[in-house]
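File shown here: start-v7.txt, holding compact mmCIF, C-alpha atoms and all ligand atoms.
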# COMPACT_ATOMS: atom_id res chain seq x y z
CA MET A 1 -192.74 44.98 59.59
CA SER A 2 -192.28 48.10 57.38
CA PRO A 3 -188.97 48.49 55.49
CA PRO A 4 -186.48 51.05 56.91
CA ARG A 5 -187.17 54.57 55.64
CA SER A 6 -184.43 56.43 53.79
CA ALA A 7 -182.98 59.73 55.02
CA VAL A 8 -185.00 61.47 52.27
CA ILE A 9 -188.31 59.99 53.35
CA ARG A 10 -187.58 60.54 57.03
CA HIS A 11 -186.84 64.17 56.17
CA PHE A 12 -190.15 64.61 54.34
CA ASP A 13 -192.09 62.74 57.02
CA ALA A 14 -190.78 65.32 59.49
CA GLN A 15 -191.66 68.20 57.14
CA ALA A 16 -195.18 67.05 56.32
CA GLU A 17 -197.17 68.85 58.97
CA THR A 18 -196.02 72.34 58.02
CA TYR A 19 -194.98 71.76 54.38
CA GLN A 20 -197.97 73.35 52.64
CA ASP A 21 -198.08 76.35 54.96
CA ARG A 22 -194.39 77.14 54.55
CA ALA A 23 -194.74 76.89 50.76
CA ARG A 24 -197.34 79.67 50.87
CA HIS A 25 -194.89 82.33 52.07
CA GLY A 26 -191.87 84.31 50.95
CA LEU A 27 -189.42 83.17 48.29
CA TRP A 28 -190.82 79.66 48.25
CA ALA A 29 -194.29 80.97 47.31
CA TRP A 30 -192.78 83.17 44.59
CA GLN A 31 -190.85 80.24 43.07
CA ARG A 32 -193.81 77.85 43.49
CA ARG A 33 -196.17 80.22 41.66
CA ARG A 34 -193.85 80.41 38.67
CA GLU A 35 -193.13 76.67 38.65
CA ALA A 36 -196.87 75.96 38.86
CA GLY A 37 -197.50 78.28 35.90
CA ALA A 38 -194.93 76.41 33.80
CA ILE A 39 -196.26 72.99 34.86
CA LEU A 40 -199.87 73.86 34.06
CA ALA A 41 -198.87 75.38 30.72
CA LEU A 42 -197.00 72.24 29.67
CA ALA A 43 -199.67 69.89 31.06
CA GLY A 44 -202.29 71.58 28.86
CA ALA A 45 -206.06 71.37 29.30
CA MET A 46 -206.96 68.98 32.11
CA ASN A 47 -210.73 68.80 31.83
CA GLY A 48 -211.82 65.18 31.61
CA ARG A 49 -208.24 63.89 31.48
CA SER A 50 -206.77 61.58 34.08
CA ALA A 51 -203.72 62.63 36.09
CA LEU A 52 -201.10 60.89 38.19
CA ASP A 53 -198.89 62.98 40.50
CA LEU A 54 -195.80 60.97 41.48
CA GLY A 55 -193.93 62.30 44.50
CA ALA A 56 -197.01 64.37 45.27
CA GLY A 57 -195.97 65.47 48.76
CA ALA A 58 -199.00 66.92 50.54
CA GLY A 59 -200.85 67.16 47.23
CA PHE A 60 -200.24 70.74 46.09
CA TYR A 61 -200.05 69.91 42.37
CA ALA A 62 -202.51 67.01 42.47
CA ARG A 63 -205.01 69.46 43.86
CA LEU A 64 -204.29 72.05 41.14
CA LEU A 65 -204.79 69.40 38.47
CA ALA A 66 -208.04 68.20 40.06
CA GLU A 67 -209.31 71.78 40.33
CA ARG A 68 -208.67 72.14 36.59
CA GLY A 69 -210.91 69.15 35.91
CA ALA A 70 -208.50 66.19 35.96
CA GLN A 71 -210.55 63.10 36.63
CA PRO A 72 -209.47 60.85 38.22
CA THR A 73 -206.44 62.36 39.94
CA VAL A 74 -204.16 59.99 41.83
CA ALA A 75 -201.34 61.17 44.10
CA VAL A 76 -198.46 58.90 45.14
CA ASP A 77 -195.77 59.61 47.72
CA ALA A 78 -193.38 57.49 49.76
CA SER A 79 -193.84 59.62 52.86
CA ARG A 80 -196.78 58.31 54.86
CA ALA A 81 -197.01 61.61 56.73
CA MET A 82 -197.26 63.52 53.43
CA VAL A 83 -199.89 61.16 52.05
CA ALA A 84 -201.90 61.65 55.24
CA ARG A 85 -202.10 65.40 54.47
CA ILE A 86 -203.73 64.87 51.04
CA ASP A 87 -207.36 65.50 51.79
CA HIS A 88 -208.79 67.32 48.76
CA PRO A 89 -212.13 65.81 47.66
CA GLY A 90 -211.75 63.50 44.68
CA LEU A 91 -208.04 62.90 45.12
CA GLU A 92 -206.91 59.34 45.57
CA ALA A 93 -203.78 59.31 47.75
CA ILE A 94 -201.50 56.26 47.78
CA GLU A 95 -198.31 55.58 49.73
CA GLY A 96 -195.66 54.14 47.43
CA ASP A 97 -192.25 54.44 45.85
CA ILE A 98 -192.34 55.99 42.40
CA ALA A 99 -189.65 53.61 41.13
CA THR A 100 -191.54 50.45 41.99
CA ILE A 101 -195.24 51.16 42.37
CA ARG A 102 -197.53 49.42 39.88
CA LEU A 103 -200.99 50.93 39.68
CA GLY A 104 -202.06 48.78 36.73
CA ARG A 105 -203.57 51.74 34.88
CA ARG A 106 -202.42 54.54 32.61
CA PHE A 107 -203.00 58.29 32.85
CA ASP A 108 -203.24 61.13 30.33
CA VAL A 109 -200.90 63.30 32.38
CA VAL A 110 -198.14 62.01 34.65
CA LEU A 111 -196.44 64.67 36.76
CA LEU A 112 -193.16 64.38 38.67
CA ALA A 113 -192.67 67.71 40.42
CA GLY A 114 -189.59 68.04 42.56
CA VAL A 115 -189.13 64.32 43.18
CA LEU A 116 -186.70 62.93 40.59
CA GLU A 117 -183.76 64.66 42.27
CA PHE A 118 -184.37 62.66 45.46
CA VAL A 119 -184.47 59.12 44.07
CA ASP A 120 -181.45 56.78 43.97
CA ASP A 121 -182.11 55.73 40.39
CA ALA A 122 -183.76 58.40 38.23
CA GLU A 123 -183.73 56.07 35.21
CA ALA A 124 -185.73 53.39 37.02
CA ALA A 125 -188.16 56.01 38.36
CA LEU A 126 -188.78 57.54 34.93
CA LEU A 127 -189.14 54.12 33.35
CA ASN A 128 -191.75 53.20 35.94
CA ALA A 129 -193.52 56.54 35.49
CA ALA A 130 -193.66 55.87 31.73
CA ARG A 131 -195.43 52.55 32.45
CA HIS A 132 -198.30 54.64 33.79
CA LEU A 133 -198.52 57.05 30.83
CA ALA A 134 -201.21 56.69 28.15
CA VAL A 135 -199.91 56.25 24.60
CA ASP A 136 -201.12 59.73 23.67
CA GLY A 137 -200.42 61.19 27.12
CA SER A 138 -197.82 63.64 28.34
CA MET A 139 -195.39 63.53 31.21
CA VAL A 140 -194.32 66.72 32.96
CA LEU A 141 -191.14 66.95 35.01
CA LEU A 142 -190.06 69.71 37.37
CA VAL A 143 -186.38 69.30 38.23
CA PRO A 144 -183.58 71.42 39.72
CA THR A 145 -181.12 72.67 37.12
CA ASP A 146 -177.38 72.10 37.01
CA ASN A 147 -176.43 75.75 37.55
CA THR A 148 -175.45 78.01 40.43
CA GLY A 149 -179.01 78.17 41.74
CA GLY A 150 -179.31 74.38 41.59
CA ARG A 151 -176.02 73.92 43.41
CA LEU A 152 -177.24 76.19 46.22
CA TYR A 153 -180.41 74.12 46.43
CA ARG A 154 -178.27 70.96 46.60
CA ARG A 155 -176.21 72.51 49.41
CA PHE A 156 -179.44 73.29 51.27
CA HIS A 157 -180.41 69.59 51.20
CA ARG A 158 -176.90 68.41 52.15
CA ARG A 159 -177.70 69.79 55.59
CA HIS A 160 -180.47 67.18 55.79
CA GLY A 161 -177.99 64.36 55.22
CA PHE A 162 -178.49 63.51 51.55
CA ALA A 163 -177.34 64.62 48.11
CA ILE A 164 -179.78 65.49 45.36
CA THR A 165 -179.26 65.18 41.60
CA LEU A 166 -179.25 68.24 39.34
CA PHE A 167 -180.43 67.93 35.74
CA GLY A 168 -179.44 69.51 32.44
CA ARG A 169 -181.44 69.15 29.24
CA HIS A 170 -179.10 66.50 27.87
CA HIS A 171 -179.51 64.37 31.01
CA VAL A 172 -183.30 64.67 30.79
CA GLN A 173 -183.19 63.67 27.11
CA GLN A 174 -181.08 60.61 27.95
CA LEU A 175 -183.44 59.52 30.73
CA ALA A 176 -186.44 60.13 28.49
CA ALA A 177 -184.95 58.00 25.70
CA VAL A 178 -184.41 55.06 28.07
CA ALA A 179 -188.08 55.34 29.10
CA GLY A 180 -189.23 55.45 25.46
CA LEU A 181 -190.11 59.13 25.64
CA ALA A 182 -189.06 62.23 23.74
CA LEU A 183 -188.64 65.79 24.97
CA THR A 184 -191.37 67.99 23.46
CA ALA A 185 -191.15 71.26 25.40
CA GLU A 186 -189.08 72.98 28.05
CA ARG A 187 -189.58 75.97 30.33
CA PRO A 188 -186.74 77.24 32.53
CA VAL A 189 -187.92 78.71 35.84
CA ALA A 190 -184.99 80.75 37.19
CA PRO A 191 -183.09 80.60 39.42
CA PHE A 192 -182.89 76.82 39.83
CA SER A 193 -185.70 74.89 38.16
CA ALA A 194 -186.82 73.71 34.75
CA VAL A 195 -190.03 72.09 33.59
CA TYR A 196 -189.96 69.55 30.75
CA ALA A 197 -192.77 67.93 28.79
CA LEU A 198 -192.14 64.41 27.50
CA ALA A 199 -194.30 62.25 25.24
CA PRO A 200 -194.13 58.62 24.08
CA ARG A 201 -191.95 58.27 20.96
C1 LIG A 301 -189.78 68.44 47.38
S1 LIG A 301 -191.13 67.40 47.79
C2 LIG A 301 -192.24 67.80 46.46
C3 LIG A 301 -193.65 67.43 46.79
C4 LIG A 301 -194.69 67.91 45.77
N1 LIG A 301 -194.46 67.39 44.44
C5 LIG A 301 -194.75 69.42 45.75
O1 LIG A 301 -194.22 70.01 44.81
O2 LIG A 301 -195.32 69.97 46.68
C6 LIG A 301 -190.52 65.80 47.32
C7 LIG A 301 -191.47 64.66 47.64
O3 LIG A 301 -190.99 63.47 47.01
C8 LIG A 301 -191.23 62.38 47.87
N2 LIG A 301 -190.34 61.29 47.48
C9 LIG A 301 -188.98 61.27 47.53
N3 LIG A 301 -188.53 60.09 47.04
C10 LIG A 301 -189.62 59.36 46.68
C11 LIG A 301 -189.83 58.09 46.11
N4 LIG A 301 -188.78 57.29 45.80
N5 LIG A 301 -191.09 57.68 45.87
C12 LIG A 301 -192.14 58.47 46.19
N6 LIG A 301 -192.02 59.69 46.72
C13 LIG A 301 -190.78 60.14 46.97
C14 LIG A 301 -191.00 62.93 49.25
O4 LIG A 301 -191.61 62.16 50.25
C15 LIG A 301 -191.59 64.33 49.11
O5 LIG A 301 -192.93 64.37 49.51
Please lay out the structure from this file as structure tokens.
Ligand SMILES: C[S@@+](CC[C@H](N)C(=O)[O-])C[C@H]1O[C@@H](n2cnc3c(N)ncnc32)[C@H](O)[C@@H]1O
Amino acid sequence: MSPPRSAVIRHFDAQAETYQDRARHGLWAWQRRREAGAILALAGAMNGRSALDLGAGAGFYARLLAERGAQPTVAVDASRAMVARIDHPGLEAIEGDIATIRLGRRFDVVLLAGVLEFVDDAEAALLNAARHLAVDGSMVLLVPTDNTGGRLYRRFHRRHGFAITLFGRHHVQQLAAVAGLALTAERPVAPFSAVYALAPR
């Protein structure tokens, strides 16, 4: 029997069918475009590098990385319905929890885009993500910021029955240190996001 699904995963299961389409319109598309620009800039050249997208949703970023030459590109998400939507050629889609999954391999780029705020234990999730990062690899995080914009985003999710975590730079640095990583670059994406690059110390 499958374990009970959390309110977060039930929410994203229910969103999966229309998630990508809704992200292509309006304010979401505007924010997404700018977040994607920051993520790709901090991820650097992808050609011939391997990539792991943790909390990949329906595969928006995994697909971008694969289109830029990442090989192989693996996408992990805890929502079965999201994973079922990942159908880009060459992408390997796996259902799993980012805090506990063990893939037994390391990647040049590990991306966590819009997922760390949803997990119960961000430290455990980042530590597990670091287990999958190559010694000369880079990890890229997209997180909601602890500011007015972030608090509005948190209020939006409260309506779905769960609280999300907001992150400041100091918090990210603390989490990174526990995972044996150091902060190497940062790009704010107003009004409520920031992208961080982390590398093994
Ligand atoms: C806001 S969506 C972002 C999806 C994708 N990164 C994107 O930007 O399109 C958050 C995703 O994180 C997933 N998620 C939440 N908690 C998770 C966990 N503990 N392990 C794996 N995935 C998780 C959800 O199922 C959802 O697909």
Test item: residues no farther than 9 Å from ligand LIG 301 (chain A), counting all atoms listed in the file, as an NGL selection string:
:A and (6 or 8-13 or 15-16 or 19-20 or 23 or 32 or 36 or 53-62 or 76-83 or 95-101 or 111-121 or 125 or 142)
List every residue of region 27-109 of chain A that has an atom at most 9 Å from any atom of region 187-190 of chain A, and for each one report the closest atom pair and its distance in Å to one decimal, counting all atoms listed in the file, with rows sorted by chain and then by increasing residue number, as a tab-separated table.
residue	atom	partner	partner_atom	distance
A:Gln31	CA	A:Val189	CA	7.9
A:Arg34	CA	A:Val189	CA	6.8
A:Glu35	CA	A:Val189	CA	6.3
A:Ala38	CA	A:Arg187	CA	6.4
A:Ile39	CA	A:Arg187	CA	8.6
A:Leu42	CA	A:Arg187	CA	8.3
Can you work out the spacing between CA of Gly180 (chain A) and CA of Arg105 (chain A) in Å, to one decimal?
17.6 Å
Between CA of Ala176 (chain A) and CA of Leu127 (chain A), distance in Å (one decimal):
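If I compute the distance from CA of Ala176 (chain A) to CA of Leu127 (chain A), I get 8.2 Å.
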Report, in Å with one decimal, the straight-line distance from CA of Val178 (chain A) to CA of Ala122 (chain A).
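Here the two named atoms are 10.7 Å from each other.
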